[in-house]
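What follows is one structure encoded as structure tokens, with my remarks underneath.
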Amino acid sequence: MSGSPREPSRPDAGGRGDELAIVVLFLISALAALGLAVLYWRGGQVQVEGVLLAIAAGCIGIGLILWSHRLLPNAEQVEDREALSGSAEERAAFDEDLQYGHVFTRRALLRASLGTSVVALGIAFLFPLRSLGPRPTDAALNDTPWRPGRRLIGSDGRPVRLADVPQDSLVTVFPDGALNSETGQAVLVRVDPTLLQPLPGRAHWSPRGLVAYSKVCTHAGCPVGLYEASTHQLLCPCHQSTFNVLDGAKPIFGPAAQRLPQLPLAVDADGYIYATGGFSEPPGPSFWNRPV
């Protein structure tokens with residue numbers, strides 16, 4: 001009488017070469033993940049980071065595939081036998097095959113190398129949390145470098161004069177002495193003064209058609225740097241929030257729900273533009289300034 005039971009398969013069927021290859025793959029993955037973490041900490045380089053991430057994840061995947069195909073008992077074989085009963089040795093071997101714990105416990109080096117690669121990759125994934133930076137405080141959000149009498153300067157650090165701003169054009173400006181200030185950056189636009197619709201109390205904020213708003217979008221904090229002269233609209237390129245320059249930077253399209261803070265301006269006898277005060281509201285996304 002013949003049958004077709006599964007022949008006992010030994011978990012150590014895989015050769016030493018297979019084990020070594022898997023260990024090497026896991027170690028390469030760990031080194032790539034650590035390299036990714038170090039590169040990110042030192043300032044980052046997007047293309048190299050992508051390559052290291054692909055190597056780290058790919059080597060783990062290939063190593064696990066080889067482990068499952070080469071080292072785990074998964075082959076089926078047919079054994080001819082005369083009777084259903086077996087000898088004591090055969091029963092003992094069958095019972096041994098039911099105990100799969102030794103498949104992994106005998107692979108200490110494999111488990112250690114896999115753990116190393118997973119931990120290293122996990123550390124690399126934690127590093128981007130550093131990019132979130134510290135939580136902004138109310139004082140940092142509400143305080144800007146703008147003060148009465150402070151001149152506007154361009155990105156080149158030179159004071160901006162009336163003649164430097166052509167009609168229907170946009171210039172990025174900062175407070176004098178605070179070049180590249182994040183909370184002080186503003187956009188300066190010159191329009192036909194007769195078209196302006198100043199908000200109550202702001203009738204004298206826009207001399208000669210000069211109007212300035214915070215460059216930080218009130219939606220998510222992206223820089224508002226595009227100006228459509230024909231429609232007098234400021235555009236945030238991140239999420240397409242659009243603001244009406246003539247009507248106090250009122251949002252007319254996109255996710256932004258609040259106006260851009262306006263900066264009151266004046267022009268001195270020499271044609272230099274200066275601020276007569278700070279922004280009308282604290283700059284930044286609107287959710288920064290909501291009461292908790």
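In the structure tokens, chains take letters A, B, ... by order of appearance, with residues numbered from 1 within each chain and ligands from 1 in the order shown.
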
(request) Fewer than 3 positions away in the same chain doesn't count, so skip those; otherwise give me all residues within 6 Å of region 215-226 of chain A, counting only C-alpha atoms, as a ChimeraX atom specification. (result) /A:185-187,234-236,256,284-286

With N, CA, C and O atoms retained, export the selected residues as a JSON list (two decimals), in the first residue's frame.
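result-v2.json written:
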[["chain", "number", "residue", "atom", "x", "y", "z"],
["A", 185, "GLN", "N", 8.59, 89.71, 6.64],
["A", 185, "GLN", "CA", 8.56, 89.76, 5.18],
["A", 185, "GLN", "C", 7.19, 90.21, 4.69],
["A", 185, "GLN", "O", 6.16, 89.86, 5.25],
["A", 186, "ALA", "N", 7.20, 91.03, 3.63],
["A", 186, "ALA", "CA", 5.97, 91.59, 3.11],
["A", 186, "ALA", "C", 6.08, 91.75, 1.59],
["A", 186, "ALA", "O", 7.17, 91.71, 1.02],
["A", 187, "VAL", "N", 4.94, 91.89, 0.95],
["A", 187, "VAL", "CA", 4.89, 92.16, -0.48],
["A", 187, "VAL", "C", 4.38, 93.59, -0.66],
["A", 187, "VAL", "O", 3.39, 93.99, -0.04],
["A", 234, "LEU", "N", -3.28, 88.78, -5.44],
["A", 234, "LEU", "CA", -2.10, 88.08, -4.95],
["A", 234, "LEU", "C", -2.43, 86.60, -4.86],
["A", 234, "LEU", "O", -3.54, 86.22, -4.44],
["A", 235, "LEU", "N", -1.47, 85.76, -5.25],
["A", 235, "LEU", "CA", -1.72, 84.31, -5.29],
["A", 235, "LEU", "C", -0.66, 83.57, -4.48],
["A", 235, "LEU", "O", 0.54, 83.85, -4.60],
["A", 236, "CYS", "N", -1.12, 82.65, -3.64],
["A", 236, "CYS", "CA", -0.21, 81.75, -2.93],
["A", 236, "CYS", "C", -0.05, 80.48, -3.77],
["A", 236, "CYS", "O", -1.04, 79.80, -4.03],
["A", 256, "ALA", "N", -7.65, 79.74, 2.13],
["A", 256, "ALA", "CA", -7.42, 80.79, 3.12],
["A", 256, "ALA", "C", -8.74, 81.45, 3.50],
["A", 256, "ALA", "O", -9.56, 81.78, 2.64],
["A", 284, "GLY", "N", 0.98, 85.16, 9.68],
["A", 284, "GLY", "CA", 1.04, 83.70, 9.77],
["A", 284, "GLY", "C", -0.32, 83.06, 9.55],
["A", 284, "GLY", "O", -1.34, 83.75, 9.39],
["A", 285, "PRO", "N", -0.34, 81.71, 9.52],
["A", 285, "PRO", "CA", -1.62, 81.00, 9.35],
["A", 285, "PRO", "C", -2.62, 81.40, 10.42],
["A", 285, "PRO", "O", -2.26, 81.64, 11.57],
["A", 286, "SER", "N", -3.87, 81.44, 10.07],
["A", 286, "SER", "CA", -4.89, 81.91, 10.99],
["A", 286, "SER", "C", -5.01, 81.02, 12.22],
["A", 286, "SER", "O", -5.35, 81.50, 13.31]]

(message) According to DSSP computed on the backbone, where in region 210-292 of chain A is there strand (DSSP E)? Give the residues as a PyMOL selection string.
(response) chain A and resi 210-214+226-228+233-235+242-244+250-253+262-263+265-267+273-275

Could you turn the residues from that selection into a file that holds N, CA and C atoms, as a PDB file, in the first residue's frame?
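Heads up, here's the output in result_7.pdb:
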ATOM      1  N   LEU A 210       0.641 102.787  -3.038  1.00  0.00           N
ATOM      2  CA  LEU A 210       1.508 101.750  -2.472  1.00  0.00           C
ATOM      3  C   LEU A 210       0.758 100.994  -1.374  1.00  0.00           C
ATOM      4  N   VAL A 211       0.701  99.703  -1.487  1.00  0.00           N
ATOM      5  CA  VAL A 211       0.019  98.892  -0.485  1.00  0.00           C
ATOM      6  C   VAL A 211       0.900  97.686  -0.167  1.00  0.00           C
ATOM      7  N   ALA A 212       1.031  97.369   1.117  1.00  0.00           N
ATOM      8  CA  ALA A 212       1.909  96.274   1.546  1.00  0.00           C
ATOM      9  C   ALA A 212       1.132  95.315   2.437  1.00  0.00           C
ATOM     10  N   TYR A 213       1.348  94.018   2.197  1.00  0.00           N
ATOM     11  CA  TYR A 213       0.714  92.975   2.996  1.00  0.00           C
ATOM     12  C   TYR A 213       1.778  91.965   3.424  1.00  0.00           C
ATOM     13  N   SER A 214       1.481  91.267   4.507  1.00  0.00           N
ATOM     14  CA  SER A 214       2.375  90.185   4.939  1.00  0.00           C
ATOM     15  C   SER A 214       2.486  89.150   3.832  1.00  0.00           C
ATOM     16  N   LEU A 226       3.076  85.674  -5.882  1.00  0.00           N
ATOM     17  CA  LEU A 226       2.634  85.871  -7.265  1.00  0.00           C
ATOM     18  C   LEU A 226       1.585  86.970  -7.321  1.00  0.00           C
ATOM     19  N   TYR A 227       1.702  87.824  -8.343  1.00  0.00           N
ATOM     20  CA  TYR A 227       0.771  88.950  -8.487  1.00  0.00           C
ATOM     21  C   TYR A 227       0.229  88.997  -9.905  1.00  0.00           C
ATOM     22  N   GLU A 228      -1.094  89.011 -10.015  1.00  0.00           N
ATOM     23  CA  GLU A 228      -1.775  89.133 -11.299  1.00  0.00           C
ATOM     24  C   GLU A 228      -2.229  90.585 -11.450  1.00  0.00           C
ATOM     25  N   GLN A 233      -4.683  90.727  -8.057  1.00  0.00           N
ATOM     26  CA  GLN A 233      -4.821  89.623  -7.111  1.00  0.00           C
ATOM     27  C   GLN A 233      -3.448  89.060  -6.737  1.00  0.00           C
ATOM     28  N   LEU A 234      -3.277  88.784  -5.445  1.00  0.00           N
ATOM     29  CA  LEU A 234      -2.104  88.077  -4.948  1.00  0.00           C
ATOM     30  C   LEU A 234      -2.434  86.599  -4.864  1.00  0.00           C
ATOM     31  N   LEU A 235      -1.474  85.756  -5.250  1.00  0.00           N
ATOM     32  CA  LEU A 235      -1.720  84.313  -5.289  1.00  0.00           C
ATOM     33  C   LEU A 235      -0.659  83.575  -4.477  1.00  0.00           C
ATOM     34  N   THR A 242      -6.151  82.998  -3.067  1.00  0.00           N
ATOM     35  CA  THR A 242      -6.081  84.231  -3.843  1.00  0.00           C
ATOM     36  C   THR A 242      -6.659  85.378  -3.023  1.00  0.00           C
ATOM     37  N   PHE A 243      -5.967  86.528  -3.058  1.00  0.00           N
ATOM     38  CA  PHE A 243      -6.348  87.678  -2.236  1.00  0.00           C
ATOM     39  C   PHE A 243      -6.512  88.916  -3.124  1.00  0.00           C
ATOM     40  N   ASN A 244      -7.523  89.711  -2.814  1.00  0.00           N
ATOM     41  CA  ASN A 244      -7.818  90.929  -3.563  1.00  0.00           C
ATOM     42  C   ASN A 244      -6.988  92.079  -2.989  1.00  0.00           C
ATOM     43  N   LYS A 250      -8.505  90.714   0.860  1.00  0.00           N
ATOM     44  CA  LYS A 250      -9.603  89.808   1.195  1.00  0.00           C
ATOM     45  C   LYS A 250      -9.461  88.511   0.405  1.00  0.00           C
ATOM     46  N   PRO A 251      -9.568  87.325   1.042  1.00  0.00           N
ATOM     47  CA  PRO A 251      -9.471  86.067   0.300  1.00  0.00           C
ATOM     48  C   PRO A 251     -10.701  85.866  -0.586  1.00  0.00           C
ATOM     49  N   ILE A 252     -10.460  85.580  -1.851  1.00  0.00           N
ATOM     50  CA  ILE A 252     -11.570  85.415  -2.790  1.00  0.00           C
ATOM     51  C   ILE A 252     -11.581  84.034  -3.439  1.00  0.00           C
ATOM     52  N   PHE A 253     -10.529  83.253  -3.181  1.00  0.00           N
ATOM     53  CA  PHE A 253     -10.485  81.901  -3.746  1.00  0.00           C
ATOM     54  C   PHE A 253      -9.488  81.081  -2.935  1.00  0.00           C
ATOM     55  N   GLN A 262      -2.137  93.839   6.861  1.00  0.00           N
ATOM     56  CA  GLN A 262      -1.666  94.987   6.072  1.00  0.00           C
ATOM     57  C   GLN A 262      -0.683  95.812   6.886  1.00  0.00           C
ATOM     58  N   LEU A 263       0.285  96.404   6.169  1.00  0.00           N
ATOM     59  CA  LEU A 263       1.299  97.251   6.797  1.00  0.00           C
ATOM     60  C   LEU A 263       1.041  98.705   6.415  1.00  0.00           C
ATOM     61  N   LEU A 265       1.860 102.440   5.474  1.00  0.00           N
ATOM     62  CA  LEU A 265       3.040 103.012   4.814  1.00  0.00           C
ATOM     63  C   LEU A 265       2.971 104.529   4.737  1.00  0.00           C
ATOM     64  N   ALA A 266       4.155 105.097   4.484  1.00  0.00           N
ATOM     65  CA  ALA A 266       4.274 106.528   4.208  1.00  0.00           C
ATOM     66  C   ALA A 266       5.518 106.717   3.352  1.00  0.00           C
ATOM     67  N   VAL A 267       5.627 107.866   2.688  1.00  0.00           N
ATOM     68  CA  VAL A 267       6.773 108.189   1.836  1.00  0.00           C
ATOM     69  C   VAL A 267       7.372 109.493   2.339  1.00  0.00           C
ATOM     70  N   ILE A 273      10.314 104.796   1.256  1.00  0.00           N
ATOM     71  CA  ILE A 273       9.070 104.270   1.823  1.00  0.00           C
ATOM     72  C   ILE A 273       9.377 103.719   3.218  1.00  0.00           C
ATOM     73  N   TYR A 274       8.514 104.042   4.173  1.00  0.00           N
ATOM     74  CA  TYR A 274       8.717 103.543   5.533  1.00  0.00           C
ATOM     75  C   TYR A 274       7.368 103.148   6.144  1.00  0.00           C
ATOM     76  N   ALA A 275       7.432 102.376   7.197  1.00  0.00           N
ATOM     77  CA  ALA A 275       6.214 101.937   7.887  1.00  0.00           C
ATOM     78  C   ALA A 275       5.846 102.928   8.975  1.00  0.00           C
TER      79      ALA A 275
END

(message) Please return, as a list in words, all residues of region 161-204 of chain A that DSSP assigns to helix (DSSP H, G or I) on the basis of the backbone.
(response) Leu162, Ala163, Asp164, Pro193, Thr194 and Leu195 of chain A

Dump N, CA and C atoms for the selected residues as a CSV table (one decimal), in the first residue's frame?
chain,number,residue,atom,x,y,z
A,162,LEU,N,10.1,105.2,-3.8
A,162,LEU,CA,8.9,105.2,-4.6
A,162,LEU,C,9.2,104.9,-6.0
A,163,ALA,N,10.3,105.4,-6.5
A,163,ALA,CA,10.7,105.2,-7.9
A,163,ALA,C,11.1,103.8,-8.2
A,164,ASP,N,11.4,103.0,-7.2
A,164,ASP,CA,11.8,101.6,-7.4
A,164,ASP,C,10.6,100.7,-7.6
A,193,PRO,N,-4.3,104.6,-7.3
A,193,PRO,CA,-4.9,104.9,-6.0
A,193,PRO,C,-6.4,105.0,-6.0
A,194,THR,N,-6.9,105.4,-7.2
A,194,THR,CA,-8.4,105.5,-7.2
A,194,THR,C,-9.1,104.2,-7.2
A,195,LEU,N,-8.4,103.1,-7.4
A,195,LEU,CA,-9.0,101.8,-7.4
A,195,LEU,C,-9.1,101.2,-6.0

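Reported to one decimal place, the separation of CA of Leu36 (chain A) from CA of Ala56 (chain A) is 8.9 Å.
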
(request) Write out as a PyMOL selection string the residues lying within 10 Å of Leu31 (chain A), counting only C-alpha atoms and excluding same-chain residues fewer than 2 positions away. (result) chain A and resi 25-29+33-37+52+55-56+116-117+120-121

(request) In Å, rounded to a single decimal, give me how far CA of Gly58 (chain A) is from CA of Asp18 (chain A). (result) 17.2 Å

(message) Can you measure CA of Leu179 (chain A) to CA of Arg147 (chain A) for me? One decimal in Å is fine.
(response) 14.3 Å
